[in-house]
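To keep things clear, I will list the structure first and then write my remarks on it.
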Amino acid sequence: MATFLYRLGRLAFRRRWYVALVWAAVLAAVGLGALRAPGAVDEEFSMPGIESQKAFDLMEQRFPGATADSATARVVFIAPGGEKVTAAGNRKAVEKAVAGLGDGTQVANAVDPFAAKTVSKDGTTAFATVTYKVGAADLTDASRSHLERTVDQARDSGLTVEAGGTALAAEGGPGGMAEVIGVAIAAVVLLITFCSLAAAGLPLLTAVIGVGVSMATILALSSALGLSTTTGTLAMMLGLAVGIDYALFVVSRYREERAKGRTPQEATGMAVGTAGSAVVFAGLTVVIALAGLAVVGIPMLTKMGLAAAGAVVVAVLIALTLVPALLGFRPNAVLTRKARKSGRIEENAKANAGTRWARFVLRRPLPVLLLGVVGLGALALPAADLQLGMPGDEAKPVSTTERRAYDALAEGFGPGFNGPLTIVVDAKGAADPKAAAGTIAKEIGGTKGIVSVSPARFNEAGDTAVFSAVPATAPTDEKTKNLVTTIRDERPGIESGTGASYEVTGTTAMNIDIAEKVQDALIPYLVVVVGLAIVLLLVVFRSLLVPLKAALGFLLSVLASLGAVVVVFQQGHGAELLGVEQTGPIMSLMPIFLVGIVFGLAMDYEVFLVSRMREAYVHGESPSQAITSGFHHSARVVVAAALIMIAVFAGFIGESDSMIKMIGFGLASAVLFDAFVVRMAIVPAVLALLGDKAWWLPKWLDRALPRVDVEGEALSRPEREQAPDTTPDLEPART
């Protein structure tokens, strides 16, 4: 591996124009393909295998032409203090507003609250439901503007008017601002790390090129592969992060090799042969983690994982080819200003901060290990109380009309009104379908925890009915989850008496089912991903204990970050500091996202840091000296890489959406714990305690594993073939 990559790096250096032109051609080709490709599809979220999805599919089948996924808006009218919406003046204002809401070109109907009897018992609150002909993703800006304008006009009558529903859902996420902030902070970190504008700019340039290639490819293939508009979100975030990191490690190793007196071409070959080997295996661990998302069984999540894995592969290829090619154009530009001016490059043999920290850990390995494990363990304890769900409008800031509409409906109609259960009755096998549906509605209506049941609505064939059941508790309340379980458990007895079957669906039931499925899939996902990664790390480090330590350290950091998320977003401690106005369950997909993304990044740091220790150990240093050498050469770069990751993820904490805040906080804290506590403290402490045993491998396993030479042992042989290098060591100093 090291020898092949060494030759590849030298080849890219020598044939730099060809390499640069090939990447330019690739970028132009996929960019042209993206421009000519049909627009990305708006894929419906689906979760095969859960009851709520089966019920939804049955509705689609039995109610042809009905758009079960149509966008809806719920407009809430609240009378001024002491008045009722049923008063003549207020009623006229509400009816005028409903008529205006129904005028939209994409509106299917707008239901008058007085005709539908959607007025609260005290008469102070009423709501109108607006149903659209298309899904939320297909609503035009004109339709949304018409809705907002009509609501504003209704407020002029003196009523308090708020609106919620899928029609108001914002498209996309942070709008790119988080990425801009992350890149800006990354530039500052790189400049401080390298003390060179060129060295700081090169990783940013190659990362942007890699993201451009990846995103253009996703857009070009979106129609053919059925990729949605959200598929590329994860690919962009990870492609940018790992693209910077991988180029950072290659450039850092290049500067180190130049300091040893190697010529530019030779230094490039050595950098790609050593750091490039670590990049390959680090990239493979990320790809395994992302491709493993298919285990969860959510089609959209699988596509997101594969697209992001493709972006990581592009980042690896660019680090191995384009980075050495760009080094070839100006081989001395990435050096420090002092080195360029003096014409001399001196290897820094002095003890730096990484060396001093390693020596500190070597003197006190057991206290450092205990402190790190106990500290992360304490942070992980709240994760035992993790409650999964899908926060809705109740998690939005009170400054939004959606949140105010949610609160008004909960106050006027009860907390469960915002999350009604949809019951789909399949009466094909019943002798009297209407009587069977009526019996089922009566039984469910009599269940403790149900406050009301709507009249059943039948399809044209008369064999399927749909009705709503309103719980007494809020959608995210644990009692609502228990209620859904109770209704489903009562099904066998009810079905045997009616000859008809029923299923429970709706947003609330769907969120409950998703949370359960994700929770059930988490352990198999961990087993698959961690198991494959341990095998890969066995090959990389040729050690039995190092991969096991890496996996256990990762689990500790993930549990600690999950615990931190629970403390802030579920329990509410410190929530105000992050602008979180409403606590509740943790987003169902959060643990999967956290495990998948952080595992890949954690293994990045593991490979880069420990492979350098392994390299020193293989070349004859003692275990303690190898730890010190690894930190001397890699600690600064690993810290810079981690700070860049934290900056990218922390940028999302400033967003208004609670779920985006949660993702940003969770990922940033996970990288913080893993890089600075696990990799920089626990790892050297464990290696110091193990000594030579850390690199032990049974002989039978040593013979069975392929040898890939990640540490570059073959590159130290004097008989290694070298091509002539005519590049000057240093450019003349300019005055």
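Residues are referred to by chain and number: the chain letter is A, B, ... according to the order shown in the structure tokens, the number counts from 1 in that chain, and ligands are numbered separately from 1 in the order shown.
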
Name the residues of segment 385-627 of chain A that come out as helix (DSSP H, G or I) in a backbone DSSP run; write them as a ChimeraX atom specification. /A:385,393-395,401-413,415-418,433-445,478-489,491-498,507-541,545-570,575-578,590-618,623-627

Find the residues around Glu443 of chain A up to 10 Å (only C-alpha atoms counted), leave out those fewer than 5 positions away in its own chain, and share them as a list in words.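 With the cut-off at 10 Å, the set is Ala437, Gly438, Ile487, Glu490, Arg491 and Ile494 of chain A.
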
Output N, CA and C atoms for every residue in the selection just made, as a CSV table (one decimal), in the first residue's frame.
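Listed below is the output, result-v7.csv:
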```csv
chain,number,residue,atom,x,y,z
A,437,ALA,N,-67.3,-0.7,11.1
A,437,ALA,CA,-66.5,0.5,11.3
A,437,ALA,C,-67.1,1.3,12.5
A,438,GLY,N,-68.4,1.3,12.6
A,438,GLY,CA,-69.1,1.9,13.8
A,438,GLY,C,-68.7,1.3,15.1
A,487,ILE,N,-54.4,0.5,22.1
A,487,ILE,CA,-55.3,0.4,21.0
A,487,ILE,C,-55.0,-0.8,20.1
A,490,GLU,N,-55.7,-4.2,21.7
A,490,GLU,CA,-57.1,-4.5,21.8
A,490,GLU,C,-57.6,-5.0,20.4
A,491,ARG,N,-56.8,-5.0,19.4
A,491,ARG,CA,-57.2,-5.3,18.0
A,491,ARG,C,-57.8,-6.7,17.9
A,494,ILE,N,-61.4,-7.0,19.0
A,494,ILE,CA,-62.3,-6.2,18.3
A,494,ILE,C,-62.5,-6.8,16.9
```

Filtered DSSP result for segment 418-653 of chain A, state strand (DSSP E), as a ChimeraX atom specification: /A:421-426,450-453,457-458,464-471,501-505,586-587

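Taking atom CA of Pro331 of chain A and atom CA of Gln265 of chain A as the two end points, the separation is 8.4 Å.
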
Near Val242 of chain A, counting only C-alpha atoms, which residues have an atom at most 7 Å away, once you skip same-chain residues fewer than 3 positions from it, shown as a list in words?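 Surrounding residues, per the criterion: Leu238, Gly239, Asp245, Tyr246, Val312 and Ala315 of chain A.
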
I'd like the neighbourhood of Asp489 of chain A as a PyMOL selection string, where a residue qualifies if any of its atoms comes within 12 Å (using only C-alpha atoms), though same-chain residues fewer than 3 positions away should be ignored. chain A and resi 444+447+482-486+492-495+502-504

Near segment 196-211 of chain A, 10 Å: segment 15-96 of chain A residue rows, closest pairs, only C-alpha atoms, as a Markdown table:
```
| residue | atom | partner | partner_atom | distance |
| --- | --- | --- | --- | --- |
| A:Trp23 | CA | A:Ile209 | CA | 8.7 |
| A:Ala24 | CA | A:Ile209 | CA | 9.0 |
| A:Leu27 | CA | A:Ile209 | CA | 7.8 |
```
